[in-house]
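Raw contents of input_38.txt, compact mmCIF, N, CA and C atoms:
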# COMPACT_ATOMS: atom_id res chain seq x y z
N MET C 1 -22.84 -36.57 -12.65
CA MET C 1 -21.98 -35.62 -13.31
C MET C 1 -20.61 -36.27 -13.51
N ASN C 2 -20.18 -36.31 -14.74
CA ASN C 2 -18.87 -36.89 -15.02
C ASN C 2 -17.83 -35.77 -15.15
N VAL C 3 -16.62 -36.18 -15.47
CA VAL C 3 -15.50 -35.23 -15.54
C VAL C 3 -15.72 -34.20 -16.65
N GLY C 4 -16.27 -34.61 -17.77
CA GLY C 4 -16.52 -33.70 -18.88
C GLY C 4 -17.51 -32.61 -18.51
N ASP C 5 -18.58 -33.00 -17.80
CA ASP C 5 -19.55 -32.00 -17.35
C ASP C 5 -18.93 -31.02 -16.37
N PHE C 6 -18.10 -31.55 -15.49
CA PHE C 6 -17.43 -30.68 -14.52
C PHE C 6 -16.50 -29.70 -15.21
N LEU C 7 -15.76 -30.15 -16.20
CA LEU C 7 -14.86 -29.27 -16.94
C LEU C 7 -15.64 -28.22 -17.73
N ASP C 8 -16.76 -28.61 -18.33
CA ASP C 8 -17.59 -27.64 -19.04
C ASP C 8 -18.14 -26.58 -18.09
N LEU C 9 -18.60 -27.01 -16.94
CA LEU C 9 -19.14 -26.09 -15.95
C LEU C 9 -18.05 -25.15 -15.43
N SER C 10 -16.87 -25.68 -15.19
CA SER C 10 -15.75 -24.85 -14.73
C SER C 10 -15.35 -23.83 -15.79
N ARG C 11 -15.29 -24.27 -17.05
CA ARG C 11 -14.94 -23.36 -18.14
C ARG C 11 -16.00 -22.27 -18.28
N ASP C 12 -17.28 -22.64 -18.16
CA ASP C 12 -18.35 -21.65 -18.20
C ASP C 12 -18.22 -20.64 -17.05
N GLY C 13 -17.89 -21.13 -15.87
CA GLY C 13 -17.72 -20.24 -14.72
C GLY C 13 -16.59 -19.25 -14.92
N ILE C 14 -15.48 -19.73 -15.45
CA ILE C 14 -14.34 -18.83 -15.69
C ILE C 14 -14.68 -17.82 -16.79
N THR C 15 -15.39 -18.27 -17.82
CA THR C 15 -15.79 -17.36 -18.90
C THR C 15 -16.73 -16.28 -18.38
N VAL C 16 -17.70 -16.67 -17.56
CA VAL C 16 -18.63 -15.69 -16.99
C VAL C 16 -17.87 -14.72 -16.09
N LEU C 17 -16.93 -15.22 -15.32
CA LEU C 17 -16.12 -14.36 -14.46
C LEU C 17 -15.35 -13.33 -15.29
N LEU C 18 -14.72 -13.77 -16.36
CA LEU C 18 -13.95 -12.85 -17.19
C LEU C 18 -14.83 -11.84 -17.90
N PHE C 19 -15.99 -12.27 -18.40
CA PHE C 19 -16.90 -11.34 -19.07
C PHE C 19 -17.54 -10.37 -18.09
N THR C 20 -17.71 -10.80 -16.85
CA THR C 20 -18.35 -9.94 -15.86
C THR C 20 -17.38 -8.91 -15.30
N VAL C 21 -16.19 -9.33 -14.94
CA VAL C 21 -15.24 -8.45 -14.26
C VAL C 21 -14.27 -7.78 -15.24
N GLY C 22 -14.08 -8.38 -16.40
CA GLY C 22 -13.09 -7.88 -17.36
C GLY C 22 -13.29 -6.43 -17.78
N PRO C 23 -14.50 -6.03 -18.17
CA PRO C 23 -14.67 -4.63 -18.58
C PRO C 23 -14.36 -3.64 -17.46
N LEU C 24 -14.75 -3.95 -16.23
CA LEU C 24 -14.44 -3.06 -15.11
C LEU C 24 -12.93 -2.94 -14.90
N MET C 25 -12.25 -4.06 -14.99
CA MET C 25 -10.80 -4.05 -14.79
C MET C 25 -10.10 -3.27 -15.90
N LEU C 26 -10.56 -3.44 -17.14
CA LEU C 26 -9.95 -2.72 -18.26
C LEU C 26 -10.18 -1.22 -18.15
N ILE C 27 -11.37 -0.82 -17.73
CA ILE C 27 -11.65 0.61 -17.56
C ILE C 27 -10.79 1.19 -16.46
N SER C 28 -10.69 0.50 -15.34
CA SER C 28 -9.88 0.98 -14.23
C SER C 28 -8.40 1.03 -14.61
N LEU C 29 -7.94 0.04 -15.33
CA LEU C 29 -6.55 0.02 -15.79
C LEU C 29 -6.28 1.18 -16.74
N SER C 30 -7.20 1.45 -17.64
CA SER C 30 -7.03 2.54 -18.60
C SER C 30 -6.97 3.89 -17.90
N VAL C 31 -7.86 4.11 -16.95
CA VAL C 31 -7.86 5.37 -16.21
C VAL C 31 -6.56 5.51 -15.41
N GLY C 32 -6.12 4.45 -14.78
CA GLY C 32 -4.86 4.49 -14.04
C GLY C 32 -3.68 4.79 -14.94
N LEU C 33 -3.68 4.23 -16.13
CA LEU C 33 -2.59 4.48 -17.08
C LEU C 33 -2.58 5.93 -17.54
N VAL C 34 -3.76 6.47 -17.83
CA VAL C 34 -3.85 7.87 -18.25
C VAL C 34 -3.40 8.80 -17.13
N ILE C 35 -3.80 8.52 -15.91
CA ILE C 35 -3.41 9.36 -14.78
C ILE C 35 -1.91 9.25 -14.52
N ALA C 36 -1.37 8.05 -14.62
CA ALA C 36 0.07 7.88 -14.42
C ALA C 36 0.86 8.61 -15.50
N LEU C 37 0.37 8.58 -16.73
CA LEU C 37 1.03 9.31 -17.82
C LEU C 37 0.96 10.81 -17.56
N PHE C 38 -0.22 11.29 -17.11
CA PHE C 38 -0.38 12.70 -16.78
C PHE C 38 0.58 13.11 -15.67
N GLN C 39 0.70 12.27 -14.64
CA GLN C 39 1.61 12.58 -13.53
C GLN C 39 3.06 12.59 -13.99
N ALA C 40 3.41 11.67 -14.87
CA ALA C 40 4.79 11.63 -15.36
C ALA C 40 5.11 12.84 -16.22
N LEU C 41 4.15 13.29 -17.01
CA LEU C 41 4.39 14.44 -17.88
C LEU C 41 4.44 15.75 -17.12
N THR C 42 3.63 15.87 -16.08
CA THR C 42 3.56 17.14 -15.34
C THR C 42 4.39 17.11 -14.06
N GLN C 43 4.95 15.99 -13.72
CA GLN C 43 5.74 15.79 -12.50
C GLN C 43 4.95 16.12 -11.23
N ILE C 44 3.65 15.88 -11.27
CA ILE C 44 2.82 16.01 -10.08
C ILE C 44 2.80 14.66 -9.38
N GLN C 45 3.22 14.63 -8.13
CA GLN C 45 3.28 13.37 -7.40
C GLN C 45 2.29 13.36 -6.24
N GLU C 46 1.05 13.59 -6.55
CA GLU C 46 -0.01 13.59 -5.53
C GLU C 46 -0.63 12.21 -5.47
N MET C 47 -0.64 11.61 -4.29
CA MET C 47 -1.13 10.23 -4.15
C MET C 47 -2.64 10.13 -4.35
N THR C 48 -3.39 11.13 -3.91
CA THR C 48 -4.85 11.05 -4.04
C THR C 48 -5.29 11.22 -5.49
N LEU C 49 -4.44 11.79 -6.32
CA LEU C 49 -4.79 11.99 -7.73
C LEU C 49 -4.98 10.65 -8.44
N THR C 50 -4.33 9.61 -7.99
CA THR C 50 -4.49 8.31 -8.64
C THR C 50 -5.74 7.58 -8.16
N PHE C 51 -6.11 7.74 -6.90
CA PHE C 51 -7.20 6.95 -6.34
C PHE C 51 -8.58 7.52 -6.63
N VAL C 52 -8.75 8.79 -6.44
CA VAL C 52 -10.09 9.38 -6.55
C VAL C 52 -10.68 9.21 -7.95
N PRO C 53 -9.98 9.58 -9.03
CA PRO C 53 -10.59 9.37 -10.35
C PRO C 53 -10.86 7.91 -10.67
N LYS C 54 -9.95 7.02 -10.27
CA LYS C 54 -10.19 5.60 -10.54
C LYS C 54 -11.41 5.09 -9.80
N ILE C 55 -11.60 5.50 -8.56
CA ILE C 55 -12.77 5.07 -7.80
C ILE C 55 -14.05 5.60 -8.43
N LEU C 56 -14.03 6.88 -8.79
CA LEU C 56 -15.22 7.47 -9.39
C LEU C 56 -15.57 6.82 -10.72
N VAL C 57 -14.58 6.62 -11.58
CA VAL C 57 -14.84 6.00 -12.88
C VAL C 57 -15.26 4.54 -12.72
N THR C 58 -14.68 3.85 -11.76
CA THR C 58 -15.05 2.45 -11.52
C THR C 58 -16.50 2.35 -11.05
N PHE C 59 -16.91 3.21 -10.14
CA PHE C 59 -18.30 3.18 -9.68
C PHE C 59 -19.26 3.57 -10.79
N LEU C 60 -18.90 4.56 -11.58
CA LEU C 60 -19.75 4.97 -12.70
C LEU C 60 -19.89 3.85 -13.73
N SER C 61 -18.77 3.22 -14.06
CA SER C 61 -18.83 2.12 -15.03
C SER C 61 -19.55 0.91 -14.44
N LEU C 62 -19.48 0.72 -13.14
CA LEU C 62 -20.24 -0.36 -12.50
C LEU C 62 -21.73 -0.12 -12.64
N LEU C 63 -22.15 1.13 -12.47
CA LEU C 63 -23.57 1.44 -12.64
C LEU C 63 -24.02 1.23 -14.08
N VAL C 64 -23.16 1.56 -15.03
CA VAL C 64 -23.51 1.41 -16.44
C VAL C 64 -23.51 -0.06 -16.85
N LEU C 65 -22.53 -0.82 -16.37
CA LEU C 65 -22.37 -2.22 -16.78
C LEU C 65 -23.16 -3.21 -15.93
N LEU C 66 -23.82 -2.74 -14.88
CA LEU C 66 -24.53 -3.65 -13.98
C LEU C 66 -25.60 -4.51 -14.67
N PRO C 67 -26.41 -3.97 -15.58
CA PRO C 67 -27.39 -4.86 -16.25
C PRO C 67 -26.72 -5.99 -17.04
N PHE C 68 -25.63 -5.68 -17.73
CA PHE C 68 -24.89 -6.70 -18.47
C PHE C 68 -24.34 -7.76 -17.52
N MET C 69 -23.78 -7.32 -16.40
CA MET C 69 -23.21 -8.26 -15.44
C MET C 69 -24.29 -9.15 -14.83
N ILE C 70 -25.43 -8.56 -14.53
CA ILE C 70 -26.53 -9.35 -13.96
C ILE C 70 -27.03 -10.39 -14.96
N ARG C 71 -27.12 -10.01 -16.25
CA ARG C 71 -27.55 -10.98 -17.28
C ARG C 71 -26.57 -12.13 -17.39
N GLN C 72 -25.27 -11.85 -17.32
CA GLN C 72 -24.27 -12.90 -17.41
C GLN C 72 -24.39 -13.89 -16.25
N VAL C 73 -24.45 -13.35 -15.04
CA VAL C 73 -24.51 -14.22 -13.86
C VAL C 73 -25.83 -14.97 -13.79
N THR C 74 -26.92 -14.30 -14.17
CA THR C 74 -28.23 -14.95 -14.16
C THR C 74 -28.28 -16.09 -15.18
N GLY C 75 -27.74 -15.86 -16.36
CA GLY C 75 -27.70 -16.92 -17.37
C GLY C 75 -26.89 -18.12 -16.91
N PHE C 76 -25.76 -17.85 -16.24
CA PHE C 76 -24.94 -18.94 -15.72
C PHE C 76 -25.69 -19.71 -14.64
N MET C 77 -26.38 -19.00 -13.77
CA MET C 77 -27.14 -19.67 -12.71
C MET C 77 -28.29 -20.48 -13.28
N GLU C 78 -28.92 -19.98 -14.34
CA GLU C 78 -29.99 -20.74 -14.98
C GLU C 78 -29.45 -22.03 -15.60
N ARG C 79 -28.27 -21.96 -16.20
CA ARG C 79 -27.66 -23.18 -16.76
C ARG C 79 -27.33 -24.18 -15.67
N ILE C 80 -26.82 -23.71 -14.54
CA ILE C 80 -26.53 -24.61 -13.43
C ILE C 80 -27.81 -25.22 -12.87
N SER C 81 -28.84 -24.39 -12.71
CA SER C 81 -30.12 -24.90 -12.19
C SER C 81 -30.72 -25.94 -13.14
N GLN C 82 -30.61 -25.69 -14.43
CA GLN C 82 -31.13 -26.65 -15.41
C GLN C 82 -30.36 -27.97 -15.34
N MET C 83 -29.05 -27.88 -15.13
CA MET C 83 -28.25 -29.11 -14.97
C MET C 83 -28.66 -29.87 -13.71
N ILE C 84 -28.97 -29.15 -12.65
CA ILE C 84 -29.38 -29.81 -11.40
C ILE C 84 -30.75 -30.46 -11.57
N ILE C 85 -31.67 -29.76 -12.25
CA ILE C 85 -33.01 -30.29 -12.44
C ILE C 85 -33.00 -31.55 -13.32
N THR C 86 -32.24 -31.49 -14.43
CA THR C 86 -32.21 -32.63 -15.33
C THR C 86 -31.31 -33.75 -14.83
N GLY C 87 -30.45 -33.44 -13.88
CA GLY C 87 -29.55 -34.46 -13.34
C GLY C 87 -28.38 -34.77 -14.25
N ALA C 88 -28.10 -33.87 -15.18
CA ALA C 88 -26.99 -34.10 -16.12
C ALA C 88 -25.68 -33.66 -15.55

As structure tokens, the full file:
Amino acid sequence: MNVGDFLDLSRDGITVLLFTVGPLMLISLSVGLVIALFQALTQIQEMTLTFVPKILVTFLSLLVLLPFMIRQVTGFMERISQMIITGA
């Protein structure tokens, strides 16, 4: 394995990481922003109001996005395994 292969593998790993975790982070960020806006408009300063909806939406979106995430990670692992088998 030369430097070019290592850089390609690293770039693939970062891309898979961003595609896998990115949608969950964006959904959680969006829900947090909506709740913060709601709290600012209504002047409700309840601490649990920020955590409970974000946790619920994050778990729900994790269940929905899990097949996509598994396909991404599995494809990456297959590429790594193929590189190991071929010795490239």

Write out as number ranges by chain which residues come within 7 Å of C:Lys54 when counting all atoms listed in the file, dropping same-chain ones fewer than 5 positions away. C: 28, 31-32, 49, 59

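In terms of minimum interatomic distance to C:Thr58, C:Leu29 ranks closest within C:Leu29, C:Leu17, C:Phe6, C:Asp12, counting only C-alpha atoms.
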
Between atom CA of C:Ile35 and atom CA of C:Pro53, what is the spacing in Å? 8.4 Å

All residues 12 Å or closer to C:Val64, only C-alpha atoms, same chain fewer than 6 positions away omitted, as a ChimeraX atom specification: /C:23-24,27,57-58,70

Would you mind exporting N, CA and C atoms of the selected residues as a CSV table (one decimal), in the frame of the given file?
chain,number,residue,atom,x,y,z
C,23,PRO,N,-14.5,-6.0,-18.2
C,23,PRO,CA,-14.7,-4.6,-18.6
C,23,PRO,C,-14.4,-3.6,-17.5
C,24,LEU,N,-14.8,-4.0,-16.2
C,24,LEU,CA,-14.4,-3.1,-15.1
C,24,LEU,C,-12.9,-2.9,-14.9
C,27,ILE,N,-11.4,-0.8,-17.7
C,27,ILE,CA,-11.6,0.6,-17.6
C,27,ILE,C,-10.8,1.2,-16.5
C,57,VAL,N,-14.6,6.6,-11.6
C,57,VAL,CA,-14.8,6.0,-12.9
C,57,VAL,C,-15.3,4.5,-12.7
C,58,THR,N,-14.7,3.8,-11.8
C,58,THR,CA,-15.0,2.4,-11.5
C,58,THR,C,-16.5,2.4,-11.0
C,70,ILE,N,-25.4,-8.6,-14.5
C,70,ILE,CA,-26.5,-9.4,-14.0
C,70,ILE,C,-27.0,-10.4,-15.0

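In this model, the gap between atom C of C:Met1 and atom C of C:Gly87 comes to 7.9 Å.
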
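Between atom CA of C:Val21 and atom CA of C:Ala36 there is a distance of 22.4 Å.
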
Tell me which of C:Ile55, C:Ile44, C:Val16, C:Leu7 sits closest to C:Thr74, counting only C-alpha atoms.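 So, comparing all the options, the nearest one is C:Val16.
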